[in-house]
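model.cif, holding mmCIF, C-alpha atoms:
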```cif
data_final
loop_
_atom_site.group_PDB
_atom_site.id
_atom_site.type_symbol
_atom_site.label_atom_id
_atom_site.label_comp_id
_atom_site.auth_asym_id
_atom_site.auth_seq_id
_atom_site.Cartn_x
_atom_site.Cartn_y
_atom_site.Cartn_z
ATOM 1 C CA MET A 13 22.026 32.916 -55.525
ATOM 2 C CA GLY A 14 22.585 29.380 -54.215
ATOM 3 C CA ARG A 15 20.499 27.847 -51.413
ATOM 4 C CA ASN A 16 22.138 27.666 -48.039
ATOM 5 C CA ASN A 17 22.100 24.045 -46.805
ATOM 6 C CA SER A 18 22.900 25.006 -43.251
ATOM 7 C CA GLU A 19 20.369 24.203 -40.534
ATOM 8 C CA GLU A 20 20.506 27.764 -39.306
ATOM 9 C CA GLN A 21 17.320 29.738 -39.861
ATOM 10 C CA PHE A 22 17.620 33.201 -41.450
ATOM 11 C CA VAL A 23 15.147 36.020 -41.451
ATOM 12 C CA PRO A 24 15.180 39.064 -43.747
ATOM 13 C CA GLY A 25 17.623 41.644 -42.514
ATOM 14 C CA VAL A 26 19.048 44.939 -43.686
ATOM 15 C CA GLU A 27 19.861 45.045 -47.440
ATOM 16 C CA SER A 28 23.590 45.406 -48.126
ATOM 17 C CA GLY A 29 25.348 47.213 -50.967
ATOM 18 C CA ASN A 30 26.221 43.962 -52.803
ATOM 19 C CA GLY A 31 22.752 43.358 -54.152
ATOM 20 C CA GLY A 32 20.923 42.356 -51.037
ATOM 21 C CA SER A 33 21.701 39.682 -48.504
ATOM 22 C CA PHE A 34 20.236 38.231 -45.371
ATOM 23 C CA GLU A 35 21.650 38.674 -41.957
ATOM 24 C CA LYS A 36 20.986 36.328 -39.060
ATOM 25 C CA MET A 37 18.940 38.069 -36.448
ATOM 26 C CA PRO A 38 19.820 37.265 -32.846
ATOM 27 C CA VAL A 39 17.365 34.941 -31.098
ATOM 28 C CA PRO A 40 15.716 36.814 -28.255
ATOM 29 C CA LYS A 41 16.522 35.427 -24.842
ATOM 30 C CA PRO A 42 13.591 34.012 -22.893
ATOM 31 C CA THR A 43 12.188 36.412 -20.374
ATOM 32 C CA LYS A 44 13.306 35.448 -16.905
ATOM 33 C CA TYR A 45 10.516 35.394 -14.375
ATOM 34 C CA LYS A 46 11.371 37.595 -11.471
ATOM 35 C CA LYS A 47 10.120 36.254 -8.167
ATOM 36 C CA THR A 48 8.208 38.647 -6.018
ATOM 37 C CA THR A 49 8.562 38.887 -2.275
ATOM 38 C CA GLY A 50 5.366 36.868 -1.844
ATOM 39 C CA ASP A 51 6.749 34.075 -4.033
ATOM 40 C CA LYS A 52 9.944 33.931 -2.008
ATOM 41 C CA VAL A 53 8.061 33.841 1.281
ATOM 42 C CA PHE A 54 5.797 31.079 -0.045
ATOM 43 C CA SER A 55 8.799 29.000 -1.211
ATOM 44 C CA VAL A 56 10.513 29.316 2.169
ATOM 45 C CA CYS A 57 7.336 28.410 4.065
ATOM 46 C CA ASN A 58 6.716 25.483 1.718
ATOM 47 C CA ILE A 59 10.234 24.117 2.227
ATOM 48 C CA ILE A 60 9.959 24.480 6.017
ATOM 49 C CA PHE A 61 6.584 22.737 6.031
ATOM 50 C CA MET A 62 7.829 19.828 3.898
ATOM 51 C CA VAL A 63 10.948 19.386 6.052
ATOM 52 C CA LEU A 64 8.800 19.285 9.199
ATOM 53 C CA PHE A 65 6.354 16.888 7.561
ATOM 54 C CA VAL A 66 9.127 14.506 6.480
ATOM 55 C CA THR A 67 10.708 14.706 9.931
ATOM 56 C CA ILE A 68 7.426 13.905 11.666
ATOM 57 C CA THR A 69 6.871 10.979 9.297
ATOM 58 C CA ILE A 70 10.333 9.427 9.421
ATOM 59 C CA TYR A 71 11.258 10.065 13.070
ATOM 60 C CA PRO A 72 8.949 7.387 14.608
ATOM 61 C CA ILE A 73 10.410 4.746 12.271
ATOM 62 C CA LEU A 74 13.995 5.692 13.041
ATOM 63 C CA ASN A 75 13.208 5.884 16.757
ATOM 64 C CA THR A 76 11.659 2.406 16.694
ATOM 65 C CA LEU A 77 14.704 1.102 14.816
ATOM 66 C CA ALA A 78 17.058 2.610 17.420
ATOM 67 C CA ILE A 79 15.084 1.099 20.315
ATOM 68 C CA SER A 80 15.035 -2.308 18.625
ATOM 69 C CA PHE A 81 18.850 -2.346 18.536
ATOM 70 C CA ASN A 82 19.172 -1.092 22.114
ATOM 71 C CA ASP A 83 19.608 -3.156 25.261
ATOM 72 C CA GLY A 84 16.274 -3.964 26.892
ATOM 73 C CA ILE A 85 17.033 -2.687 30.403
ATOM 74 C CA ASP A 86 18.630 0.466 29.060
ATOM 75 C CA ALA A 87 15.655 1.069 26.746
ATOM 76 C CA VAL A 88 13.291 1.143 29.727
ATOM 77 C CA LYS A 89 15.078 4.261 30.988
ATOM 78 C CA GLY A 90 13.951 6.164 27.889
ATOM 79 C CA GLY A 91 15.810 9.015 26.237
ATOM 80 C CA ILE A 92 16.617 7.064 23.031
ATOM 81 C CA HIS A 93 16.031 9.031 19.854
ATOM 82 C CA LEU A 94 17.866 8.149 16.626
ATOM 83 C CA ILE A 95 20.936 6.206 17.803
ATOM 84 C CA PRO A 96 20.989 3.194 20.174
ATOM 85 C CA ARG A 97 22.585 4.109 23.474
ATOM 86 C CA LYS A 98 23.666 0.562 24.290
ATOM 87 C CA PHE A 99 23.778 -1.577 21.148
ATOM 88 C CA SER A 100 22.419 -5.117 21.446
ATOM 89 C CA LEU A 101 20.978 -7.800 19.155
ATOM 90 C CA ASN A 102 19.174 -9.680 21.923
ATOM 91 C CA ASN A 103 15.788 -8.296 20.863
ATOM 92 C CA TYR A 104 16.125 -9.700 17.349
ATOM 93 C CA ARG A 105 17.514 -12.959 18.719
ATOM 94 C CA SER A 106 14.335 -13.314 20.773
ATOM 95 C CA VAL A 107 12.167 -12.623 17.742
ATOM 96 C CA PHE A 108 13.988 -15.010 15.401
ATOM 97 C CA ALA A 109 14.217 -17.713 18.078
ATOM 98 C CA MET A 110 10.453 -18.235 18.048
ATOM 99 C CA ARG A 111 9.427 -21.843 17.627
ATOM 100 C CA ASN A 112 6.932 -21.318 14.793
ATOM 101 C CA LEU A 113 8.640 -18.390 13.084
ATOM 102 C CA THR A 114 9.303 -20.211 9.793
ATOM 103 C CA THR A 115 5.779 -21.629 9.614
ATOM 104 C CA GLY A 116 4.231 -18.274 10.486
ATOM 105 C CA LEU A 117 6.344 -16.460 7.913
ATOM 106 C CA PHE A 118 5.413 -18.951 5.182
ATOM 107 C CA ILE A 119 1.689 -18.768 5.968
ATOM 108 C CA SER A 120 1.760 -14.957 6.141
ATOM 109 C CA VAL A 121 3.491 -14.695 2.767
ATOM 110 C CA ALA A 122 1.156 -17.288 1.222
ATOM 111 C CA ARG A 123 -2.020 -15.619 2.483
ATOM 112 C CA THR A 124 -0.750 -12.191 1.431
ATOM 113 C CA VAL A 125 0.104 -13.270 -2.120
ATOM 114 C CA LEU A 126 -2.937 -15.472 -2.729
ATOM 115 C CA GLY A 127 -5.336 -13.184 -0.896
ATOM 116 C CA THR A 128 -4.151 -10.151 -2.841
ATOM 117 C CA LEU A 129 -4.346 -11.824 -6.262
ATOM 118 C CA ILE A 130 -7.718 -13.501 -5.701
ATOM 119 C CA GLY A 131 -9.240 -10.475 -3.983
ATOM 120 C CA LEU A 132 -8.032 -8.135 -6.702
ATOM 121 C CA LEU A 133 -9.439 -10.372 -9.455
ATOM 122 C CA PHE A 134 -12.905 -10.828 -7.946
ATOM 123 C CA ASN A 135 -13.282 -7.197 -6.882
ATOM 124 C CA ALA A 136 -12.240 -6.042 -10.358
ATOM 125 C CA ILE A 137 -14.804 -8.313 -12.047
ATOM 126 C CA LEU A 138 -17.611 -7.111 -9.777
ATOM 127 C CA ALA A 139 -16.578 -3.485 -10.208
ATOM 128 C CA PHE A 140 -16.620 -3.955 -13.976
ATOM 129 C CA LEU A 141 -20.163 -5.374 -13.838
ATOM 130 C CA VAL A 142 -21.671 -2.613 -11.697
ATOM 131 C CA SER A 143 -19.863 0.100 -13.664
ATOM 132 C CA ARG A 144 -21.645 -0.860 -16.916
ATOM 133 C CA LYS A 145 -24.603 1.394 -17.672
ATOM 134 C CA ARG A 146 -26.600 -1.452 -19.283
ATOM 135 C CA PHE A 147 -26.366 -3.736 -16.228
ATOM 136 C CA LEU A 148 -29.900 -3.956 -14.806
ATOM 137 C CA LEU A 149 -28.968 -4.801 -11.189
ATOM 138 C CA LYS A 150 -26.344 -2.074 -10.945
ATOM 139 C CA LYS A 151 -28.101 0.082 -8.326
ATOM 140 C CA SER A 152 -29.499 -2.834 -6.329
ATOM 141 C CA LEU A 153 -26.164 -4.613 -5.933
ATOM 142 C CA THR A 154 -24.346 -1.386 -5.129
ATOM 143 C CA ALA A 155 -26.858 -0.591 -2.375
ATOM 144 C CA PHE A 156 -26.545 -4.142 -1.025
ATOM 145 C CA TRP A 157 -22.748 -3.925 -0.778
ATOM 146 C CA VAL A 158 -22.890 -0.485 0.823
ATOM 147 C CA VAL A 159 -25.143 -1.884 3.569
ATOM 148 C CA THR A 160 -22.581 -4.605 4.345
ATOM 149 C CA MET A 161 -20.015 -1.900 5.102
ATOM 150 C CA TYR A 162 -22.068 -0.720 8.095
ATOM 151 C CA VAL A 163 -23.954 -3.838 9.254
ATOM 152 C CA ASN A 164 -22.531 -7.256 10.141
ATOM 153 C CA GLY A 165 -23.726 -10.318 11.988
ATOM 154 C CA GLY A 166 -21.276 -10.099 14.885
ATOM 155 C CA MET A 167 -18.310 -12.184 15.961
ATOM 156 C CA ILE A 168 -20.115 -15.220 17.368
ATOM 157 C CA PRO A 169 -22.495 -15.755 14.406
ATOM 158 C CA VAL A 170 -19.584 -15.365 12.003
ATOM 159 C CA LEU A 171 -17.541 -17.913 13.967
ATOM 160 C CA LEU A 172 -20.438 -20.382 13.931
ATOM 161 C CA LEU A 173 -20.943 -19.812 10.217
ATOM 162 C CA TYR A 174 -17.276 -20.519 9.450
ATOM 163 C CA LYS A 175 -17.463 -23.633 11.615
ATOM 164 C CA ASN A 176 -20.473 -24.952 9.709
ATOM 165 C CA LEU A 177 -18.725 -24.192 6.420
ATOM 166 C CA LYS A 178 -15.673 -26.209 7.612
ATOM 167 C CA LEU A 179 -13.408 -23.184 7.246
ATOM 168 C CA THR A 180 -11.977 -23.136 10.771
ATOM 169 C CA SER A 181 -8.608 -24.839 11.282
ATOM 170 C CA THR A 182 -7.860 -24.443 7.570
ATOM 171 C CA PHE A 183 -5.754 -22.075 5.495
ATOM 172 C CA TRP A 184 -8.731 -20.931 3.402
ATOM 173 C CA VAL A 185 -10.333 -19.131 6.331
ATOM 174 C CA TYR A 186 -7.802 -16.375 5.583
ATOM 175 C CA ILE A 187 -8.724 -16.171 1.894
ATOM 176 C CA ILE A 188 -12.395 -16.941 1.210
ATOM 177 C CA PRO A 189 -14.160 -14.628 3.715
ATOM 178 C CA GLY A 190 -12.186 -11.597 2.579
ATOM 179 C CA ILE A 191 -12.366 -12.101 -1.180
ATOM 180 C CA ILE A 192 -14.990 -9.383 -1.660
ATOM 181 C CA SER A 193 -14.522 -5.977 -0.070
ATOM 182 C CA ALA A 194 -17.287 -3.431 -0.584
ATOM 183 C CA PHE A 195 -14.896 -0.520 -0.142
ATOM 184 C CA ASN A 196 -12.357 -1.811 -2.673
ATOM 185 C CA MET A 197 -15.097 -2.718 -5.137
ATOM 186 C CA LEU A 198 -16.653 0.762 -4.945
ATOM 187 C CA VAL A 199 -13.268 2.425 -5.447
ATOM 188 C CA MET A 200 -12.673 0.286 -8.541
ATOM 189 C CA ARG A 201 -16.153 1.014 -9.850
ATOM 190 C CA THR A 202 -15.623 4.761 -9.462
ATOM 191 C CA PHE A 203 -12.359 4.571 -11.394
ATOM 192 C CA MET A 204 -13.874 2.485 -14.192
ATOM 193 C CA GLU A 205 -16.833 4.829 -14.545
ATOM 194 C CA GLY A 206 -14.381 7.638 -15.273
ATOM 195 C CA ILE A 207 -13.029 5.852 -18.347
ATOM 196 C CA PRO A 208 -14.687 7.165 -21.547
ATOM 197 C CA ASP A 209 -17.538 5.010 -22.867
ATOM 198 C CA SER A 210 -16.335 5.635 -26.410
ATOM 199 C CA LEU A 211 -13.517 3.102 -25.872
ATOM 200 C CA GLU A 212 -16.004 0.360 -25.045
ATOM 201 C CA GLU A 213 -18.322 1.347 -27.906
ATOM 202 C CA ALA A 214 -15.470 1.299 -30.414
ATOM 203 C CA ALA A 215 -14.437 -2.172 -29.208
ATOM 204 C CA GLN A 216 -17.999 -3.445 -29.483
ATOM 205 C CA ILE A 217 -18.240 -2.151 -33.058
ATOM 206 C CA ASP A 218 -15.139 -4.222 -33.845
ATOM 207 C CA GLY A 219 -16.860 -7.292 -32.390
ATOM 208 C CA ALA A 220 -15.256 -7.428 -28.935
ATOM 209 C CA GLY A 221 -17.205 -9.006 -26.088
ATOM 210 C CA TYR A 222 -17.286 -7.904 -22.466
ATOM 211 C CA GLY A 223 -14.470 -10.292 -21.551
ATOM 212 C CA THR A 224 -12.201 -8.827 -24.214
ATOM 213 C CA ILE A 225 -13.153 -5.277 -23.196
ATOM 214 C CA PHE A 226 -12.358 -6.015 -19.558
ATOM 215 C CA ILE A 227 -9.029 -7.737 -20.211
ATOM 216 C CA LYS A 228 -7.636 -5.768 -23.172
ATOM 217 C CA ILE A 229 -9.288 -2.333 -22.883
ATOM 218 C CA LEU A 230 -10.095 -1.463 -19.267
ATOM 219 C CA SER A 231 -7.494 -3.446 -17.325
ATOM 220 C CA PRO A 232 -4.447 -1.776 -18.946
ATOM 221 C CA LEU A 233 -5.973 1.620 -18.145
ATOM 222 C CA CYS A 234 -6.687 0.538 -14.556
ATOM 223 C CA LYS A 235 -3.115 -0.434 -13.636
ATOM 224 C CA PRO A 236 -2.631 2.499 -11.217
ATOM 225 C CA MET A 237 -5.891 1.689 -9.478
ATOM 226 C CA TYR A 238 -5.085 -2.034 -9.377
ATOM 227 C CA ALA A 239 -1.711 -1.303 -7.755
ATOM 228 C CA THR A 240 -3.358 0.911 -5.137
ATOM 229 C CA ILE A 241 -6.009 -1.649 -4.209
ATOM 230 C CA ALA A 242 -3.419 -4.454 -4.242
ATOM 231 C CA LEU A 243 -1.339 -2.528 -1.722
ATOM 232 C CA PHE A 244 -4.389 -2.027 0.521
ATOM 233 C CA ILE A 245 -5.274 -5.728 0.401
ATOM 234 C CA ALA A 246 -1.680 -6.886 0.911
ATOM 235 C CA VAL A 247 -1.150 -4.677 3.970
ATOM 236 C CA GLY A 248 -4.416 -5.922 5.465
ATOM 237 C CA HIS A 249 -3.446 -9.592 5.010
ATOM 238 C CA TRP A 250 0.109 -9.085 6.222
ATOM 239 C CA ASN A 251 -0.862 -7.267 9.433
ATOM 240 C CA SER A 252 -3.797 -9.502 10.328
ATOM 241 C CA TRP A 253 -3.497 -11.698 13.406
ATOM 242 C CA PHE A 254 -6.913 -11.577 15.101
ATOM 243 C CA ASP A 255 -8.453 -14.051 12.650
ATOM 244 C CA THR A 256 -5.636 -16.488 13.424
ATOM 245 C CA MET A 257 -6.449 -16.277 17.137
ATOM 246 C CA LEU A 258 -10.164 -16.848 16.479
ATOM 247 C CA TYR A 259 -10.125 -19.594 13.856
ATOM 248 C CA ASN A 260 -6.681 -21.286 13.900
ATOM 249 C CA ARG A 261 -5.438 -20.854 17.435
ATOM 250 C CA LEU A 262 -5.122 -24.608 17.954
ATOM 251 C CA SER A 263 -3.712 -25.308 14.475
ATOM 252 C CA THR A 264 -0.033 -24.410 14.645
ATOM 253 C CA GLU A 265 0.484 -25.418 11.004
ATOM 254 C CA TYR A 266 -1.700 -22.450 9.962
ATOM 255 C CA THR A 267 -0.305 -19.861 12.342
ATOM 256 C CA THR A 268 0.816 -16.474 11.034
ATOM 257 C CA LEU A 269 3.845 -14.326 11.727
ATOM 258 C CA GLN A 270 1.819 -11.543 13.317
ATOM 259 C CA TYR A 271 0.120 -13.944 15.721
ATOM 260 C CA GLU A 272 3.455 -15.443 16.762
ATOM 261 C CA LEU A 273 4.892 -11.986 17.375
ATOM 262 C CA MET A 274 1.856 -11.108 19.463
ATOM 263 C CA LYS A 275 2.333 -14.251 21.557
ATOM 264 C CA LEU A 276 6.020 -13.423 21.993
ATOM 265 C CA LEU A 277 5.213 -9.914 23.169
ATOM 266 C CA SER A 278 2.605 -11.222 25.607
ATOM 267 C CA SER A 279 5.018 -13.762 27.076
ATOM 268 C CA VAL A 280 7.791 -11.183 27.419
ATOM 269 C CA THR A 281 5.393 -8.797 29.140
ATOM 270 C CA SER A 282 4.301 -11.424 31.672
ATOM 271 C CA GLN A 283 7.892 -12.548 32.329
ATOM 272 C CA SER A 284 9.035 -8.970 32.781
ATOM 273 C CA SER A 285 6.352 -8.261 35.364
ATOM 274 C CA LYS A 286 7.370 -11.338 37.394
ATOM 275 C CA SER A 287 11.180 -11.074 37.121
ATOM 276 C CA ASP A 288 13.554 -8.871 39.093
ATOM 277 C CA PRO A 289 15.024 -6.145 36.832
ATOM 278 C CA ASN A 290 18.335 -6.314 38.726
ATOM 279 C CA SER A 291 18.779 -10.009 38.085
ATOM 280 C CA GLY A 292 20.526 -11.141 34.951
ATOM 281 C CA ASP A 293 18.014 -13.887 34.196
ATOM 282 C CA GLY A 294 16.303 -12.660 31.022
ATOM 283 C CA ALA A 295 16.166 -9.108 32.336
ATOM 284 C CA ASN A 296 17.759 -7.689 29.210
ATOM 285 C CA ILE A 297 14.622 -8.641 27.251
ATOM 286 C CA GLN A 298 11.934 -6.044 27.862
ATOM 287 C CA PRO A 299 8.544 -5.463 26.212
ATOM 288 C CA VAL A 300 9.568 -2.023 24.952
ATOM 289 C CA SER A 301 12.581 -3.273 22.993
ATOM 290 C CA VAL A 302 10.935 -6.511 21.835
ATOM 291 C CA ARG A 303 7.902 -4.567 20.618
ATOM 292 C CA ALA A 304 10.221 -2.326 18.610
ATOM 293 C CA ALA A 305 12.053 -5.306 17.091
ATOM 294 C CA ALA A 306 8.762 -7.017 16.222
ATOM 295 C CA SER A 307 7.503 -3.804 14.614
ATOM 296 C CA ILE A 308 10.601 -3.564 12.416
ATOM 297 C CA VAL A 309 10.305 -7.224 11.361
ATOM 298 C CA THR A 310 6.639 -6.663 10.523
ATOM 299 C CA MET A 311 7.233 -3.391 8.721
ATOM 300 C CA ALA A 312 10.262 -4.369 6.618
ATOM 301 C CA PRO A 313 8.500 -6.332 3.798
ATOM 302 C CA ILE A 314 5.897 -3.602 3.202
ATOM 303 C CA VAL A 315 8.541 -0.857 3.267
ATOM 304 C CA CYS A 316 10.574 -2.788 0.679
ATOM 305 C CA LEU A 317 7.493 -3.345 -1.502
ATOM 306 C CA TYR A 318 6.162 0.216 -1.449
ATOM 307 C CA PRO A 319 8.862 1.903 -3.620
ATOM 308 C CA PHE A 320 8.002 -0.399 -6.527
ATOM 309 C CA LEU A 321 4.302 0.540 -6.317
ATOM 310 C CA GLN A 322 4.727 4.201 -5.421
ATOM 311 C CA LYS A 323 4.171 5.665 -8.896
ATOM 312 C CA TYR A 324 1.057 3.539 -9.394
ATOM 313 C CA PHE A 325 -0.115 4.269 -5.853
ATOM 314 C CA VAL A 326 0.021 8.047 -6.346
ATOM 315 C CA SER A 327 -1.729 7.802 -9.729
ATOM 316 C CA GLY A 328 -4.357 5.449 -8.386
ATOM 317 C CA LEU A 329 -5.396 7.889 -5.668
ATOM 318 C CA THR A 330 -6.601 10.376 -8.307
ATOM 319 C CA ILE A 331 -9.847 8.471 -8.778
ATOM 320 C CA GLY A 332 -12.062 9.818 -11.530
ATOM 321 C CA GLY A 333 -9.347 11.921 -13.125
ATOM 322 C CA VAL A 334 -10.047 10.532 -16.623
ATOM 323 C CA LYS A 335 -12.531 12.672 -18.504
ATOM 324 C CA GLU A 336 -14.122 12.125 -21.859
#
```
As structure tokens, what does this structure read like?
Amino acid sequence: MGRNNSEEQFVPGVESGNGGSFEKMPVPKPTKYKKTTGDKVFSVCNIIFMVLFVTITIYPILNTLAISFNDGIDAVKGGIHLIPRKFSLNNYRSVFAMRNLTTGLFISVARTVLGTLIGLLFNAILAFLVSRKRFLLKKSLTAFWVVTMYVNGGMIPVLLLYKNLKLTSTFWVYIIPGIISAFNMLVMRTFMEGIPDSLEEAAQIDGAGYGTIFIKILSPLCKPMYATIALFIAVGHWNSWFDTMLYNRLSTEYTTLQYELMKLLSSVTSQSSKSDPNSGDGANIQPVSVRAAASIVTMAPIVCLYPFLQKYFVSGLTIGGVKE
């Protein structure tokens, strides 16, 4: 009896009168799980909860966007939800007509990019050091950095220190003081401690040093955590304006976008309180609408960046999920 070359699988069946043959048995259909009443109720409640959660999350953004495109005087009346009642671009014209907008945008982008890269590098190196079990000063340095999270010297001593270090009225006052963050370093250390030690031991047996282990072994495994910390650092640099007011208020060449938007909002608020709402002289520019336009301009770069880091961001939040 010749061998059947077909890919179909046969199992012994009922012997026929022609000397025995094999019949193809029907493949049993997978058992379909039947949802109980409790499962159906849970699914409905879960869907309702998620819809409400998404609505609560997205509505403020859409409302701010609608107000930013609405006429200033009309926006003061309130009642604007998702669609502008009286469409106008005057709010954005006021924002983009700022004198130092280009300079502030360039400095904000530069400090965000450089600050994120440098901060991520130095925090990762320190986290790698204190996560090694053979490092003698591991506990002492960790305790020292934890103390700095709760105790600081105060605003005036810090300002005097930066002045003596020649950091004021320079671009590097945005970068150098914030290179090390105790919180970010501890998060990185926790993630690295969850990586199996057997990977490091195997690399050391093959002759790898700590630099090779950090760059070629741990760093590829820490990509989700790096993306999460990078997003935290970038948002902090992008939204910062108080340090500009303290250290570079008189240096317009080092101003930031957030500080310029804050000055614009302050000037619009003072002008609005002095002007007559019924007069046409600048009355269509109101703090409510300008604040909304400034918020959208500030928010747009981060909103555009987040989708590219979302998968790493979600994975990076599961700190310590790697088990040996």
Handout entry: Counting only C-alpha atoms, the residue of A:Ala304, A:Met311, A:Met197, A:Val56 that sits nearest A:Ala78
Key = A:Ala304
Practice task
Evaluate the PyMOL selection byres ((chain A and resi 148-157) around 12) on the structure here and hand back the selected residues as a list in words.
Solution key: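 Going through the file, the PyMOL selection byres ((chain A and resi 148-157) around 12) ends up selecting Asn135, Leu138, Ala139, Phe140, Leu141, Val142, Ser143, Arg144, Lys145, Arg146, Phe147, Val158, Val159, Thr160, Met161, Tyr162, Val163, Asn164, Ile192, Ser193, Ala194, Phe195, Asn196, Met197, Leu198, Val199, Arg201 and Thr202 of chain A.
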Exercise for the section: Tell me, as number ranges by chain, which residues lie within 12 Å of A:Ser282, counting all atoms listed in the file; anything in the same chain fewer than 6 positions away does not count. Expected result: A: 275-276, 297-299
Residue members of the PyMOL selection byres ((chain A and resi 85-97) around 6) in the file shown, as a PDB file with C-alpha atoms, keeping the file's coordinate frame:
```
ATOM      1  CA  LEU A  74      13.995   5.692  13.041  1.00  0.00           C
ATOM      2  CA  ASN A  75      13.208   5.884  16.757  1.00  0.00           C
ATOM      3  CA  ALA A  78      17.058   2.610  17.420  1.00  0.00           C
ATOM      4  CA  ASN A  82      19.172  -1.092  22.114  1.00  0.00           C
ATOM      5  CA  ASP A  83      19.608  -3.156  25.261  1.00  0.00           C
ATOM      6  CA  GLY A  84      16.274  -3.964  26.892  1.00  0.00           C
ATOM      7  CA  LYS A  98      23.666   0.562  24.290  1.00  0.00           C
ATOM      8  CA  PHE A  99      23.778  -1.577  21.148  1.00  0.00           C
ATOM      9  CA  ASN A 296      17.759  -7.689  29.210  1.00  0.00           C
TER      10      ASN A 296
END
```
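Near A:Glu272, within a cut-off of 10 Å and counting all atoms listed in the file, sit the residues Val107, Met110, Arg111, Asn112, Leu113, Thr115, Gly116, Leu117, Trp253, Thr256, Met257, Thr264, Thr267, Leu277, Ser278 and Ala306 of chain A, with same-chain residues fewer than 5 positions away left out.
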Those same residues - C-alpha atoms - I'd like them written as a PDB file, in the frame of the given file.
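The file below, selection_16.pdb, is the result:
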```
ATOM      1  CA  VAL A 107      12.167 -12.623  17.742  1.00  0.00           C
ATOM      2  CA  MET A 110      10.453 -18.235  18.048  1.00  0.00           C
ATOM      3  CA  ARG A 111       9.427 -21.843  17.627  1.00  0.00           C
ATOM      4  CA  ASN A 112       6.932 -21.318  14.793  1.00  0.00           C
ATOM      5  CA  LEU A 113       8.640 -18.390  13.084  1.00  0.00           C
ATOM      6  CA  THR A 115       5.779 -21.629   9.614  1.00  0.00           C
ATOM      7  CA  GLY A 116       4.231 -18.274  10.486  1.00  0.00           C
ATOM      8  CA  LEU A 117       6.344 -16.460   7.913  1.00  0.00           C
ATOM      9  CA  TRP A 253      -3.497 -11.698  13.406  1.00  0.00           C
ATOM     10  CA  THR A 256      -5.636 -16.488  13.424  1.00  0.00           C
ATOM     11  CA  MET A 257      -6.449 -16.277  17.137  1.00  0.00           C
ATOM     12  CA  THR A 264      -0.033 -24.410  14.645  1.00  0.00           C
ATOM     13  CA  THR A 267      -0.305 -19.861  12.342  1.00  0.00           C
ATOM     14  CA  LEU A 277       5.213  -9.914  23.169  1.00  0.00           C
ATOM     15  CA  SER A 278       2.605 -11.222  25.607  1.00  0.00           C
ATOM     16  CA  ALA A 306       8.762  -7.017  16.222  1.00  0.00           C
TER      17      ALA A 306
END
```
Practice task
Write out as a VMD selection string which residues come within 7 Å of stretch 122-132 of chain A when counting all atoms listed in the file, dropping same-chain ones fewer than 4 positions away.
Solution key: chain A and resid 118 136 186 to 187 191 to 192 242 245 to 246 249 to 250
Problem - A:Ile217, A:Tyr238, A:Tyr222, A:Phe203 ranked by distance to A:Phe134, top pick (using all atoms listed in the file) - result: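 Among A:Ile217, A:Tyr238, A:Tyr222, A:Phe203, it is A:Tyr238 that comes nearest to A:Phe134.
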